[in-house]
$ cat start-v4.cif   # mmCIF, C-alpha atoms
data_structure
#
loop_
_atom_site.label_atom_id
_atom_site.label_comp_id
_atom_site.auth_asym_id
_atom_site.auth_seq_id
_atom_site.Cartn_x
_atom_site.Cartn_y
_atom_site.Cartn_z
CA MET U 214 -6.52 -14.84 15.68
CA ASN U 215 -4.99 -14.43 12.22
CA LYS U 216 -1.23 -13.99 11.89
CA THR U 217 0.41 -12.56 8.78
CA ASP U 218 3.57 -10.88 7.53
CA LEU U 219 1.91 -7.66 6.44
CA LEU U 220 -1.43 -6.09 7.33
CA ILE U 221 -2.64 -3.29 5.03
CA ILE U 222 -5.53 -1.04 6.06
CA GLY U 223 -7.26 0.33 2.98
CA ALA U 224 -7.49 -1.03 -0.59
CA GLY U 225 -7.07 2.19 -2.56
CA PRO U 226 -4.21 2.86 -5.02
CA GLY U 227 -1.59 2.73 -2.26
CA GLY U 228 -3.04 -0.22 -0.39
CA TYR U 229 -3.73 -2.56 -3.28
CA ARG U 230 -0.38 -1.72 -4.91
CA ALA U 231 1.41 -2.51 -1.62
CA ALA U 232 -0.49 -5.81 -1.37
CA GLU U 233 0.26 -6.79 -4.97
CA TYR U 234 3.96 -5.96 -4.72
CA ALA U 235 4.45 -7.56 -1.29
CA ALA U 236 2.65 -10.75 -2.36
CA LYS U 237 4.88 -11.07 -5.44
CA GLN U 238 7.89 -10.74 -3.12
CA GLY U 239 6.66 -13.72 -1.13
CA LEU U 240 5.03 -12.01 1.86
CA GLN U 241 1.73 -13.20 3.29
CA VAL U 242 -0.62 -10.23 3.17
CA VAL U 243 -3.96 -9.37 4.76
CA ILE U 244 -5.65 -6.27 3.32
CA VAL U 245 -8.73 -4.76 4.97
CA GLU U 246 -11.31 -2.61 3.17
CA GLU U 247 -14.61 -1.35 4.62
CA ASP U 248 -15.92 0.01 1.30
CA GLU U 249 -15.34 -0.92 -2.35
CA VAL U 250 -11.78 -1.79 -3.41
CA GLY U 251 -9.99 0.85 -5.46
CA GLY U 252 -10.50 3.65 -2.97
CA THR U 253 -11.61 7.21 -3.68
CA CYS U 254 -9.54 7.42 -6.87
CA LEU U 255 -11.29 4.58 -8.65
CA ASN U 256 -14.79 4.85 -7.18
CA ARG U 257 -15.33 8.57 -6.56
CA GLY U 258 -12.31 10.49 -7.83
CA CYS U 259 -9.77 10.24 -10.64
CA ILE U 260 -11.49 7.60 -12.76
CA PRO U 261 -15.12 8.84 -12.61
CA THR U 262 -14.05 12.43 -13.28
CA LYS U 263 -11.90 11.39 -16.26
CA THR U 264 -14.89 9.46 -17.60
CA TYR U 265 -16.84 12.73 -17.45
CA VAL U 266 -13.96 14.56 -19.17
CA HIS U 267 -14.06 12.15 -22.10
CA SER U 268 -17.85 12.01 -22.50
CA THR U 269 -19.87 14.20 -24.84
CA SER U 270 -22.94 14.59 -22.64
CA PHE U 271 -24.03 14.34 -19.01
CA ALA U 272 -26.22 11.30 -19.73
CA GLU U 273 -23.40 9.48 -21.53
CA ALA U 274 -20.95 10.35 -18.73
CA ARG U 275 -23.17 8.81 -16.05
CA GLU U 276 -23.67 5.62 -18.05
CA ARG U 277 -19.98 5.24 -18.96
CA MET U 278 -18.84 5.99 -15.40
CA ILE U 279 -20.77 3.03 -14.01
CA THR U 280 -19.33 0.69 -16.66
CA VAL U 281 -15.73 1.91 -16.37
CA VAL U 282 -15.65 1.92 -12.56
CA SER U 283 -17.17 -1.56 -12.40
CA GLN U 284 -14.64 -2.92 -14.89
CA LEU U 285 -11.65 -1.42 -13.08
CA ARG U 286 -12.96 -2.49 -9.67
CA SER U 287 -13.14 -6.06 -10.95
CA GLY U 288 -9.53 -5.70 -12.07
CA VAL U 289 -8.44 -4.68 -8.56
CA GLU U 290 -10.37 -7.58 -7.05
CA GLY U 291 -8.48 -9.81 -9.48
CA ILE U 292 -5.16 -8.42 -8.26
CA LEU U 293 -6.21 -9.08 -4.66
CA SER U 294 -7.08 -12.71 -5.46
CA HIS U 295 -3.35 -13.59 -5.42
CA PRO U 296 -2.77 -16.70 -3.26
CA ASN U 297 -0.59 -14.70 -0.85
CA ILE U 298 -3.32 -12.07 -0.29
CA THR U 299 -6.37 -12.31 1.97
CA LEU U 300 -8.97 -9.58 1.47
CA MET U 301 -11.03 -8.89 4.57
CA ARG U 302 -14.17 -6.74 4.37
CA GLY U 303 -14.78 -4.52 7.37
CA LYS U 304 -13.45 -1.71 9.52
CA ALA U 305 -9.95 -2.09 10.97
CA SER U 306 -9.24 -0.70 14.42
CA PHE U 307 -5.90 -0.87 16.26
CA VAL U 308 -5.71 -3.09 19.34
CA ASP U 309 -1.99 -2.51 19.90
CA THR U 310 1.15 -1.81 17.82
CA CYS U 311 0.97 -5.21 16.09
CA SER U 312 -2.72 -6.02 15.98
CA CYS U 313 -6.02 -4.75 14.60
CA SER U 314 -9.58 -5.90 15.09
CA VAL U 315 -11.70 -6.43 11.99
CA GLY U 316 -15.26 -7.27 12.90
CA GLY U 317 -14.94 -10.09 15.39
CA ASP U 318 -11.45 -11.12 14.23
CA ILE U 319 -8.03 -10.03 15.45
CA VAL U 320 -5.23 -9.78 12.86
CA THR U 321 -1.63 -9.70 14.09
CA ALA U 322 1.17 -8.75 11.70
CA LYS U 323 4.92 -8.20 11.73
CA ASN U 324 4.36 -4.97 9.80
CA ILE U 325 1.33 -2.75 9.24
CA ILE U 326 0.71 -0.24 6.44
CA ILE U 327 -2.00 2.39 6.94
CA ALA U 328 -3.45 3.41 3.56
CA THR U 329 -6.85 4.81 4.51
CA GLY U 330 -6.77 7.78 2.12
CA SER U 331 -8.64 11.04 2.57
CA GLU U 332 -12.10 12.57 2.61
CA THR U 333 -13.68 15.91 1.79
CA LYS U 334 -12.60 18.84 3.95
CA TRP U 335 -15.79 20.82 4.58
CA LEU U 336 -15.39 24.52 5.29
CA PRO U 337 -17.32 25.82 8.33
CA ILE U 338 -19.52 28.09 6.21
CA LYS U 339 -22.97 29.20 7.36
CA GLY U 340 -25.61 27.06 5.66
CA VAL U 341 -23.20 24.29 4.64
CA ASP U 342 -25.92 21.77 5.52
CA ASP U 343 -28.05 23.14 2.66
CA PRO U 344 -29.14 20.12 0.54
CA ARG U 345 -27.75 21.88 -2.56
CA VAL U 346 -24.20 21.57 -1.14
CA VAL U 347 -22.35 18.45 -2.26
CA ASP U 348 -18.77 17.22 -2.44
CA SER U 349 -17.29 15.60 -5.54
CA THR U 350 -18.93 12.27 -4.64
CA GLY U 351 -22.33 13.91 -4.35
CA LEU U 352 -21.90 15.78 -7.63
CA LEU U 353 -21.10 12.54 -9.45
CA GLN U 354 -24.30 11.03 -8.03
CA LEU U 355 -26.58 13.75 -9.41
CA GLU U 356 -29.10 12.26 -11.81
CA THR U 357 -29.94 15.52 -13.58
CA LEU U 358 -27.60 18.18 -14.91
CA PRO U 359 -27.74 21.32 -12.73
CA LYS U 360 -28.74 24.41 -14.68
CA LYS U 361 -26.55 26.55 -12.40
CA LEU U 362 -23.50 25.08 -10.67
CA CYS U 363 -21.47 27.05 -8.13
CA ILE U 364 -18.05 25.68 -7.20
CA ILE U 365 -16.29 26.78 -4.02
CA GLY U 366 -12.55 26.33 -4.62
CA ALA U 367 -10.42 26.60 -7.75
CA GLY U 368 -8.03 23.76 -7.05
CA VAL U 369 -7.75 20.60 -9.14
CA ILE U 370 -11.19 19.19 -8.23
CA GLY U 371 -12.96 22.52 -8.71
CA MET U 372 -11.32 23.31 -12.04
CA GLU U 373 -11.89 19.86 -13.53
CA PHE U 374 -15.59 19.89 -12.65
CA ALA U 375 -15.96 23.49 -13.83
CA SER U 376 -14.56 22.58 -17.24
CA VAL U 377 -16.68 19.43 -17.56
CA PHE U 378 -20.04 20.82 -16.42
CA GLN U 379 -19.68 23.99 -18.52
CA ARG U 380 -19.17 21.74 -21.55
CA PHE U 381 -22.27 19.73 -20.60
CA GLY U 382 -24.31 22.95 -20.55
CA SER U 383 -24.37 24.11 -16.93
CA GLU U 384 -23.92 27.77 -16.06
CA VAL U 385 -20.78 27.55 -13.91
CA THR U 386 -19.42 30.01 -11.33
CA VAL U 387 -16.16 29.33 -9.47
CA ILE U 388 -15.43 31.16 -6.20
CA GLU U 389 -11.83 31.16 -4.96
CA TYR U 390 -10.29 32.82 -1.88
CA LEU U 391 -6.81 33.05 -3.43
CA LYS U 392 -5.84 35.46 -6.22
CA GLU U 393 -5.28 32.67 -8.78
CA CYS U 394 -6.53 29.16 -9.51
CA LEU U 395 -4.44 25.98 -9.26
CA PRO U 396 -1.74 27.19 -6.81
CA ALA U 397 0.59 24.27 -7.60
CA LEU U 398 0.73 25.38 -11.25
CA ASP U 399 2.98 28.16 -12.53
CA SER U 400 0.95 31.38 -12.12
CA ASP U 401 1.48 32.39 -15.77
CA ILE U 402 0.13 29.04 -17.00
CA ALA U 403 -2.72 29.04 -14.47
CA LYS U 404 -3.82 32.54 -15.47
CA ARG U 405 -3.82 31.68 -19.19
CA LEU U 406 -5.88 28.55 -18.53
CA ARG U 407 -8.37 30.48 -16.39
CA LYS U 408 -8.73 33.21 -19.03
CA LEU U 409 -9.43 30.56 -21.67
CA LEU U 410 -12.12 28.96 -19.49
CA GLU U 411 -13.60 32.42 -18.90
CA LYS U 412 -13.90 32.89 -22.68
CA ARG U 413 -15.83 29.61 -22.79
CA GLY U 414 -18.37 30.98 -20.32
CA ILE U 415 -17.18 30.06 -16.82
CA THR U 416 -17.44 32.92 -14.30
CA PHE U 417 -14.55 33.22 -11.84
CA LYS U 418 -14.75 35.24 -8.62
CA MET U 419 -11.19 35.38 -7.32
CA LYS U 420 -10.07 36.71 -3.93
CA THR U 421 -13.60 36.03 -2.72
CA ALA U 422 -14.78 34.23 0.43
CA VAL U 423 -18.17 32.57 0.83
CA GLU U 424 -19.78 33.54 4.14
CA ASN U 425 -23.28 32.15 3.67
CA VAL U 426 -24.46 29.44 1.29
CA ALA U 427 -27.86 31.17 1.13
CA ASP U 428 -26.20 33.99 -0.86
CA LEU U 429 -25.34 31.63 -3.72
CA ASP U 430 -27.66 31.46 -6.72
CA ALA U 431 -27.25 27.85 -7.85
CA ASP U 432 -29.06 24.54 -8.20
CA ALA U 433 -25.98 22.67 -6.96
CA ILE U 434 -22.99 23.89 -4.94
CA LEU U 435 -19.76 21.89 -5.04
CA MET U 436 -17.49 22.08 -2.01
CA ALA U 437 -14.04 21.69 -3.60
CA THR U 438 -11.89 23.08 -0.81
CA GLY U 439 -9.46 20.24 -0.38
CA ARG U 440 -9.27 16.92 1.42
CA LYS U 441 -8.25 15.72 4.87
CA PRO U 442 -6.76 12.39 6.04
CA ARG U 443 -9.21 9.64 6.94
CA THR U 444 -8.31 8.26 10.38
CA GLU U 445 -11.64 8.21 12.23
CA GLY U 446 -12.34 4.90 13.92
CA LEU U 447 -8.79 3.61 13.45
CA ASN U 448 -8.14 3.94 17.20
CA VAL U 449 -4.57 5.02 16.44
CA GLU U 450 -3.99 5.85 20.11
CA ALA U 451 -3.98 2.12 20.93
CA ALA U 452 -0.90 1.78 18.71
CA GLY U 453 0.82 4.79 20.25
CA ILE U 454 0.28 6.92 17.12
CA THR U 455 -0.01 10.68 17.60
CA LEU U 456 -1.61 12.57 14.73
CA ALA U 457 -0.16 15.87 13.52
CA PRO U 458 -2.25 19.03 14.18
CA ASN U 459 -3.60 18.84 10.61
CA GLY U 460 -4.75 15.25 11.13
CA THR U 461 -2.03 13.53 9.09
CA ILE U 462 0.03 10.59 10.31
CA PRO U 463 3.65 11.81 10.58
CA VAL U 464 6.17 9.59 8.78
CA ASP U 465 9.84 9.68 7.83
CA SER U 466 11.37 9.38 4.36
CA ASN U 467 10.58 5.65 4.34
CA TYR U 468 6.90 6.35 5.19
CA GLN U 469 7.57 4.73 8.53
CA LEU U 470 6.45 6.01 11.93
CA SER U 471 9.84 6.70 13.48
CA ALA U 472 8.83 5.71 17.01
CA LEU U 473 7.05 2.58 15.76
CA GLY U 474 9.37 0.66 13.45
CA ASN U 475 6.72 -1.78 12.24
CA ILE U 476 4.02 0.73 11.20
CA TYR U 477 3.96 2.69 7.93
CA ALA U 478 1.51 5.23 6.48
CA ILE U 479 1.26 5.82 2.74
CA GLY U 480 -0.84 7.95 0.41
CA ASP U 481 -3.21 10.77 1.34
CA VAL U 482 -3.28 9.82 5.02
CA ASN U 483 0.31 11.05 5.50
CA GLY U 484 -0.45 14.29 3.63
CA LYS U 485 2.88 14.44 1.82
CA GLN U 486 1.78 14.21 -1.82
CA MET U 487 -1.95 13.69 -2.25
CA LEU U 488 -1.89 11.97 -5.63
CA ALA U 489 -2.84 8.40 -6.57
CA HIS U 490 0.48 7.78 -8.33
CA ALA U 491 2.36 9.12 -5.30
CA ALA U 492 0.51 6.60 -3.10
CA GLU U 493 1.44 3.76 -5.46
CA MET U 494 5.14 4.60 -5.40
CA GLN U 495 5.13 5.20 -1.64
CA ALA U 496 3.65 1.70 -1.38
CA VAL U 497 6.54 0.23 -3.35
CA HIS U 498 9.10 2.11 -1.27
CA ALA U 499 7.51 1.09 2.05
CA VAL U 500 7.43 -2.59 1.05
CA ASN U 501 11.03 -2.34 -0.15
CA HIS U 502 11.99 -0.95 3.26
CA ILE U 503 10.22 -3.85 4.99
CA LEU U 504 12.12 -6.28 2.73
CA GLY U 505 15.45 -4.50 3.23
CA LYS U 506 15.64 -3.58 -0.46
CA THR U 507 16.95 -0.28 -1.77
CA ASP U 508 15.38 1.67 -4.62
CA ASN U 509 16.01 4.96 -6.37
CA ILE U 510 12.49 6.43 -6.41
CA ARG U 511 12.81 10.21 -6.46
CA PHE U 512 9.80 11.55 -4.63
CA ASN U 513 11.04 15.12 -5.09
CA ILE U 514 10.23 14.73 -8.81
CA MET U 515 6.45 14.30 -8.74
CA PRO U 516 4.51 15.10 -11.92
CA ALA U 517 0.85 16.07 -11.66
CA ALA U 518 -1.94 16.84 -14.11
CA ILE U 519 -5.23 18.73 -14.16
CA PHE U 520 -7.73 17.34 -16.66
CA THR U 521 -9.54 20.48 -17.66
CA GLU U 522 -10.10 21.16 -21.36
CA PRO U 523 -7.38 21.70 -22.40
CA GLU U 524 -5.44 19.88 -19.72
CA ALA U 525 -2.57 21.26 -17.66
CA ALA U 526 0.38 19.56 -16.00
CA CYS U 527 3.49 20.31 -14.01
CA VAL U 528 6.64 18.86 -12.53
CA GLY U 529 9.15 20.73 -10.40
CA PRO U 530 8.95 24.25 -8.98
CA THR U 531 7.02 27.18 -10.43
CA GLU U 532 8.86 30.25 -11.72
CA ASP U 533 7.76 32.18 -8.62
CA GLN U 534 9.26 29.47 -6.39
CA LEU U 535 12.55 29.51 -8.33
CA LYS U 536 12.73 33.28 -7.80
CA GLU U 537 11.94 32.94 -4.10
CA GLN U 538 14.66 30.29 -3.73
CA GLY U 539 17.20 32.51 -5.48
CA VAL U 540 17.90 29.88 -8.15
CA ASN U 541 19.91 31.02 -11.17
CA TYR U 542 17.51 29.69 -13.81
CA GLU U 543 16.51 30.16 -17.42
CA CYS U 544 12.92 29.93 -18.71
CA HIS U 545 12.32 28.39 -22.15
CA LYS U 546 8.84 28.96 -23.63
CA ALA U 547 6.97 27.21 -26.43
CA PHE U 548 3.45 27.52 -27.83
CA TRP U 549 0.99 24.96 -29.23
CA ARG U 550 0.04 27.33 -32.06
CA ALA U 551 3.52 26.90 -33.56
CA ASN U 552 3.35 23.10 -33.59
CA GLY U 553 2.27 21.28 -36.77
CA LYS U 554 0.46 18.43 -35.00
CA ALA U 555 -1.43 20.88 -32.77
CA LEU U 556 -2.54 22.83 -35.84
CA ALA U 557 -3.64 19.63 -37.59
CA MET U 558 -5.60 18.60 -34.47
CA ASN U 559 -7.16 22.07 -34.20
CA GLU U 560 -5.70 22.27 -30.68
CA THR U 561 -3.68 25.48 -30.94
CA GLU U 562 -4.35 26.77 -27.42
CA GLY U 563 -1.42 26.01 -25.14
CA MET U 564 1.87 27.11 -23.65
CA LEU U 565 4.86 25.40 -22.09
CA LYS U 566 7.51 26.76 -19.73
CA LEU U 567 10.65 24.65 -19.25
CA PHE U 568 13.07 25.74 -16.54
CA SER U 569 16.78 24.92 -16.52
CA SER U 570 19.78 25.80 -14.39
CA VAL U 571 22.05 28.49 -15.79
CA ASP U 572 24.96 26.97 -13.84
CA ASN U 573 24.90 23.40 -15.21
CA GLY U 574 22.02 23.21 -17.71
CA LEU U 575 20.01 20.66 -15.68
CA ILE U 576 16.27 20.63 -16.35
CA LEU U 577 14.58 21.93 -13.19
CA GLY U 578 10.91 21.64 -14.09
CA CYS U 579 8.15 22.11 -16.62
CA HIS U 580 4.66 23.63 -16.42
CA ALA U 581 2.25 23.58 -19.35
CA TYR U 582 -1.34 23.71 -20.53
CA GLY U 583 -2.64 22.45 -23.85
CA ALA U 584 -3.70 19.21 -25.54
CA HIS U 585 -1.79 16.23 -24.07
CA ALA U 586 0.19 18.50 -21.72
CA ALA U 587 0.31 15.63 -19.19
CA ASP U 588 2.13 13.38 -21.66
CA ILE U 589 4.70 16.07 -22.44
CA VAL U 590 5.30 16.83 -18.76
CA GLN U 591 5.63 13.10 -18.09
CA GLU U 592 8.53 13.02 -20.56
CA VAL U 593 10.17 15.92 -18.74
CA SER U 594 9.68 14.09 -15.43
CA VAL U 595 11.57 11.08 -16.83
CA LEU U 596 14.35 13.33 -18.11
CA MET U 597 14.64 14.97 -14.68
CA CYS U 598 14.89 11.57 -13.00
CA ARG U 599 17.93 10.91 -15.22
CA ASP U 600 19.48 14.35 -14.45
CA THR U 601 19.18 15.47 -18.08
CA THR U 602 20.48 18.84 -19.30
CA VAL U 603 18.82 21.03 -21.92
CA SER U 604 21.73 20.42 -24.28
CA GLN U 605 21.16 16.67 -23.97
CA LEU U 606 17.45 17.22 -24.67
CA GLN U 607 18.38 19.14 -27.80
CA ASP U 608 20.27 16.07 -29.04
CA MET U 609 17.28 13.74 -28.58
CA ILE U 610 15.30 12.93 -31.72
CA HIS U 611 11.53 13.42 -31.51
CA ILE U 612 9.02 12.00 -33.99
CA HIS U 613 7.52 14.46 -36.47
CA PRO U 614 4.76 15.49 -36.41
CA THR U 615 4.00 15.12 -32.68
CA LEU U 616 3.05 17.38 -29.84
CA GLY U 617 6.20 16.11 -28.12
CA GLU U 618 8.21 18.34 -30.46
CA ILE U 619 6.96 21.30 -28.42
CA LEU U 620 9.66 20.36 -25.89
CA LYS U 621 12.40 21.13 -28.40
CA ALA U 622 10.75 24.22 -29.89
CA PRO U 623 12.49 26.76 -27.60
CA PHE U 624 15.99 25.66 -28.65
#

$ encode --input "start-v4.cif" --output "structure tokens"
Amino acid sequence: MNKTDLLIIGAGPGGYRAAEYAAKQGLQVVIVEEDEVGGTCLNRGCIPTKTYVHSTSFAEARERMITVVSQLRSGVEGILSHPNITLMRGKASFVDTCSCSVGGDIVTAKNIIIATGSETKWLPIKGVDDPRVVDSTGLLQLETLPKKLCIIGAGVIGMEFASVFQRFGSEVTVIEYLKECLPALDSDIAKRLRKLLEKRGITFKMKTAVENVADLDADAILMATGRKPRTEGLNVEAAGITLAPNGTIPVDSNYQLSALGNIYAIGDVNGKQMLAHAAEMQAVHAVNHILGKTDNIRFNIMPAAIFTEPEAACVGPTEDQLKEQGVNYECHKAFWRANGKALAMNETEGMLKLFSSVDNGLILGCHAYGAHAADIVQEVSVLMCRDTTVSQLQDMIHIHPTLGEILKAPF
């Protein structure tokens, strides 16, 4: 039997960050991974798709993806080689509230962090077992570019792949049940981005449900209808864990299972904010809680980006949400076409909406699409974390010429 201070199940962005941080704080850590380290994000998600985004052809994308993923995976393995960390390969299964079995070994720990991530949520559509139907992992494994690609779902995964494969030369159709793509994005921004992608040749069928895969005329069909927590085989019942109806592990604001003080769940498996950077910061907060340290991480300010071409990004509520909440707000708009750097880059397509409080001037959020929108929204996220007002933003000097000046354009 192995005894340790902290047992972490899963070596994705949340798990390996928790291990790295805890080890540097002096804790003895065992981290268990049944697949490759780095999780979905590194091996099958964020990193491979961004490699595709920044490649000029399908063939180049496939070649670069293998190189980039391998290099980053080696980096994670380097992180996990810290003397305070033991990496165990295998499937972890709870024995009780303090112990898990891994292969033939039993690991007992003072605290346990579940960081098992998520997997594709397959819709129960007739014909879903058609060999043409793949998830994002399957699409990345295709060796030849599909002439016709049909994407079910216009969320982040669907929109990123639609943008990439259209650029590679596929005939792309996106089918979405909702009236607009990217529901987390301000509807005005989302609509403008969709219209731009339509001009480039992508066909969108909004407010449409797929009933039978056989009806779809495509060489490949991407199921991009969301993700669900990965808990199968964990034997959570042995630890007294009851899953929520949607399959997530319920946690409190410290990512702790309230009834089980020594068990935490971070990242996609708790369903709170299914983003790699959210998992990393939840990891830090959970370890801080174990150590009795306080931090000031503001999880209510969570920036996110969609790497279409051009990219889109957001932080804070949409304009529709502000209206629904009855917030007394002001909307400040700016356009890429009026920015010198954007013109010089020949990247004039883009729009930004910055929301502020009428009552005290505080910046409430920002939604944008256009070249480097994620970088601009990241700046707004930092400003929001420091409770910045629009008048204070106006007083901040920005380099000229930069796209960052778009933030000050409305004032």

$ resolve_selection --input "start-v4.cif" --expression "the PyMOL selection byres ((chain U and resi 349-359) around 9)" --output "PyMOL selection string"
chain U and resi 253+256-258+261-262+271-272+275+333+346-348+360-362+370-371+374+378+381-384+431-437

$ write_last_selection --input "start-v4.cif" --atoms "C-alpha atoms" --output "PDB file, in the coordinates of the input"
ATOM      1  CA  THR U 253     -11.610   7.210  -3.680  1.00  0.00           C
ATOM      2  CA  ASN U 256     -14.790   4.850  -7.180  1.00  0.00           C
ATOM      3  CA  ARG U 257     -15.330   8.570  -6.560  1.00  0.00           C
ATOM      4  CA  GLY U 258     -12.310  10.490  -7.830  1.00  0.00           C
ATOM      5  CA  PRO U 261     -15.120   8.840 -12.610  1.00  0.00           C
ATOM      6  CA  THR U 262     -14.050  12.430 -13.280  1.00  0.00           C
ATOM      7  CA  PHE U 271     -24.030  14.340 -19.010  1.00  0.00           C
ATOM      8  CA  ALA U 272     -26.220  11.300 -19.730  1.00  0.00           C
ATOM      9  CA  ARG U 275     -23.170   8.810 -16.050  1.00  0.00           C
ATOM     10  CA  THR U 333     -13.680  15.910   1.790  1.00  0.00           C
ATOM     11  CA  VAL U 346     -24.200  21.570  -1.140  1.00  0.00           C
ATOM     12  CA  VAL U 347     -22.350  18.450  -2.260  1.00  0.00           C
ATOM     13  CA  ASP U 348     -18.770  17.220  -2.440  1.00  0.00           C
ATOM     14  CA  LYS U 360     -28.740  24.410 -14.680  1.00  0.00           C
ATOM     15  CA  LYS U 361     -26.550  26.550 -12.400  1.00  0.00           C
ATOM     16  CA  LEU U 362     -23.500  25.080 -10.670  1.00  0.00           C
ATOM     17  CA  ILE U 370     -11.190  19.190  -8.230  1.00  0.00           C
ATOM     18  CA  GLY U 371     -12.960  22.520  -8.710  1.00  0.00           C
ATOM     19  CA  PHE U 374     -15.590  19.890 -12.650  1.00  0.00           C
ATOM     20  CA  PHE U 378     -20.040  20.820 -16.420  1.00  0.00           C
ATOM     21  CA  PHE U 381     -22.270  19.730 -20.600  1.00  0.00           C
ATOM     22  CA  GLY U 382     -24.310  22.950 -20.550  1.00  0.00           C
ATOM     23  CA  SER U 383     -24.370  24.110 -16.930  1.00  0.00           C
ATOM     24  CA  GLU U 384     -23.920  27.770 -16.060  1.00  0.00           C
ATOM     25  CA  ALA U 431     -27.250  27.850  -7.850  1.00  0.00           C
ATOM     26  CA  ASP U 432     -29.060  24.540  -8.200  1.00  0.00           C
ATOM     27  CA  ALA U 433     -25.980  22.670  -6.960  1.00  0.00           C
ATOM     28  CA  ILE U 434     -22.990  23.890  -4.940  1.00  0.00           C
ATOM     29  CA  LEU U 435     -19.760  21.890  -5.040  1.00  0.00           C
ATOM     30  CA  MET U 436     -17.490  22.080  -2.010  1.00  0.00           C
ATOM     31  CA  ALA U 437     -14.040  21.690  -3.600  1.00  0.00           C
TER      32      ALA U 437
END

$ residues_around --input "start-v4.cif" --residues "stretch 491-497 of chain U" --least-positions-apart "3" --cutoff "8 Å" --atoms "all atoms listed in the file" --output "mmCIF file with C-alpha atoms, in the frame of the given file"
data_model
loop_
_atom_site.group_PDB
_atom_site.id
_atom_site.type_symbol
_atom_site.label_atom_id
_atom_site.label_comp_id
_atom_site.auth_asym_id
_atom_site.auth_seq_id
_atom_site.Cartn_x
_atom_site.Cartn_y
_atom_site.Cartn_z
ATOM 1 C CA PRO U 226 -4.210 2.860 -5.020
ATOM 2 C CA GLY U 227 -1.590 2.730 -2.260
ATOM 3 C CA GLY U 228 -3.040 -0.220 -0.390
ATOM 4 C CA ARG U 230 -0.380 -1.720 -4.910
ATOM 5 C CA ALA U 231 1.410 -2.510 -1.620
ATOM 6 C CA TYR U 234 3.960 -5.960 -4.720
ATOM 7 C CA TYR U 468 6.900 6.350 5.190
ATOM 8 C CA ILE U 479 1.260 5.820 2.740
ATOM 9 C CA GLY U 480 -0.840 7.950 0.410
ATOM 10 C CA ASP U 481 -3.210 10.770 1.340
ATOM 11 C CA GLN U 486 1.780 14.210 -1.820
ATOM 12 C CA MET U 487 -1.950 13.690 -2.250
ATOM 13 C CA LEU U 488 -1.890 11.970 -5.630
ATOM 14 C CA VAL U 500 7.430 -2.590 1.050
ATOM 15 C CA ASN U 501 11.030 -2.340 -0.150
ATOM 16 C CA ILE U 510 12.490 6.430 -6.410
ATOM 17 C CA PHE U 512 9.800 11.550 -4.630
ATOM 18 C CA MET U 515 6.450 14.300 -8.740
#

$ closest_residue --input "start-v4.cif" --among "U:Pro623, U:Pro396, U:Pro458, U:Gly239" --to "U:Asn297" --atoms "only C-alpha atoms"
U:Gly239

$ resolve_selection --input "start-v4.cif" --expression "the PyMOL selection byres ((chain U and resi 287-292) around 12)" --output "ChimeraX atom specification"
/U:224-237,244,246,249-252,255-256,280-286,293-301

$ write_last_selection --input "start-v4.cif" --atoms "C-alpha atoms" --output "CSV table (one decimal), in the frame of the given file"
chain,number,residue,atom,x,y,z
U,224,ALA,CA,-7.5,-1.0,-0.6
U,225,GLY,CA,-7.1,2.2,-2.6
U,226,PRO,CA,-4.2,2.9,-5.0
U,227,GLY,CA,-1.6,2.7,-2.3
U,228,GLY,CA,-3.0,-0.2,-0.4
U,229,TYR,CA,-3.7,-2.6,-3.3
U,230,ARG,CA,-0.4,-1.7,-4.9
U,231,ALA,CA,1.4,-2.5,-1.6
U,232,ALA,CA,-0.5,-5.8,-1.4
U,233,GLU,CA,0.3,-6.8,-5.0
U,234,TYR,CA,4.0,-6.0,-4.7
U,235,ALA,CA,4.4,-7.6,-1.3
U,236,ALA,CA,2.6,-10.8,-2.4
U,237,LYS,CA,4.9,-11.1,-5.4
U,244,ILE,CA,-5.6,-6.3,3.3
U,246,GLU,CA,-11.3,-2.6,3.2
U,249,GLU,CA,-15.3,-0.9,-2.4
U,250,VAL,CA,-11.8,-1.8,-3.4
U,251,GLY,CA,-10.0,0.8,-5.5
U,252,GLY,CA,-10.5,3.6,-3.0
U,255,LEU,CA,-11.3,4.6,-8.6
U,256,ASN,CA,-14.8,4.8,-7.2
U,280,THR,CA,-19.3,0.7,-16.7
U,281,VAL,CA,-15.7,1.9,-16.4
U,282,VAL,CA,-15.6,1.9,-12.6
U,283,SER,CA,-17.2,-1.6,-12.4
U,284,GLN,CA,-14.6,-2.9,-14.9
U,285,LEU,CA,-11.6,-1.4,-13.1
U,286,ARG,CA,-13.0,-2.5,-9.7
U,293,LEU,CA,-6.2,-9.1,-4.7
U,294,SER,CA,-7.1,-12.7,-5.5
U,295,HIS,CA,-3.4,-13.6,-5.4
U,296,PRO,CA,-2.8,-16.7,-3.3
U,297,ASN,CA,-0.6,-14.7,-0.8
U,298,ILE,CA,-3.3,-12.1,-0.3
U,299,THR,CA,-6.4,-12.3,2.0
U,300,LEU,CA,-9.0,-9.6,1.5
U,301,MET,CA,-11.0,-8.9,4.6

$ resolve_selection --input "start-v4.cif" --expression "the PyMOL selection byres ((chain U and resi 549) around 9)" --output "list in words"
Ala547, Phe548, Arg550, Ala551, Asn552, Gly553, Lys554, Ala555, Leu556, Glu560, Thr561, Glu562, Gly563, Met564, Leu565, Gly583, Ala584, Leu616 and Ile619 of chain U

$ closest_residue --input "start-v4.cif" --among "U:Arg405, U:Asn509, U:Ile514, U:Lys441" --to "U:Trp335" --atoms "all atoms listed in the file"
U:Lys441
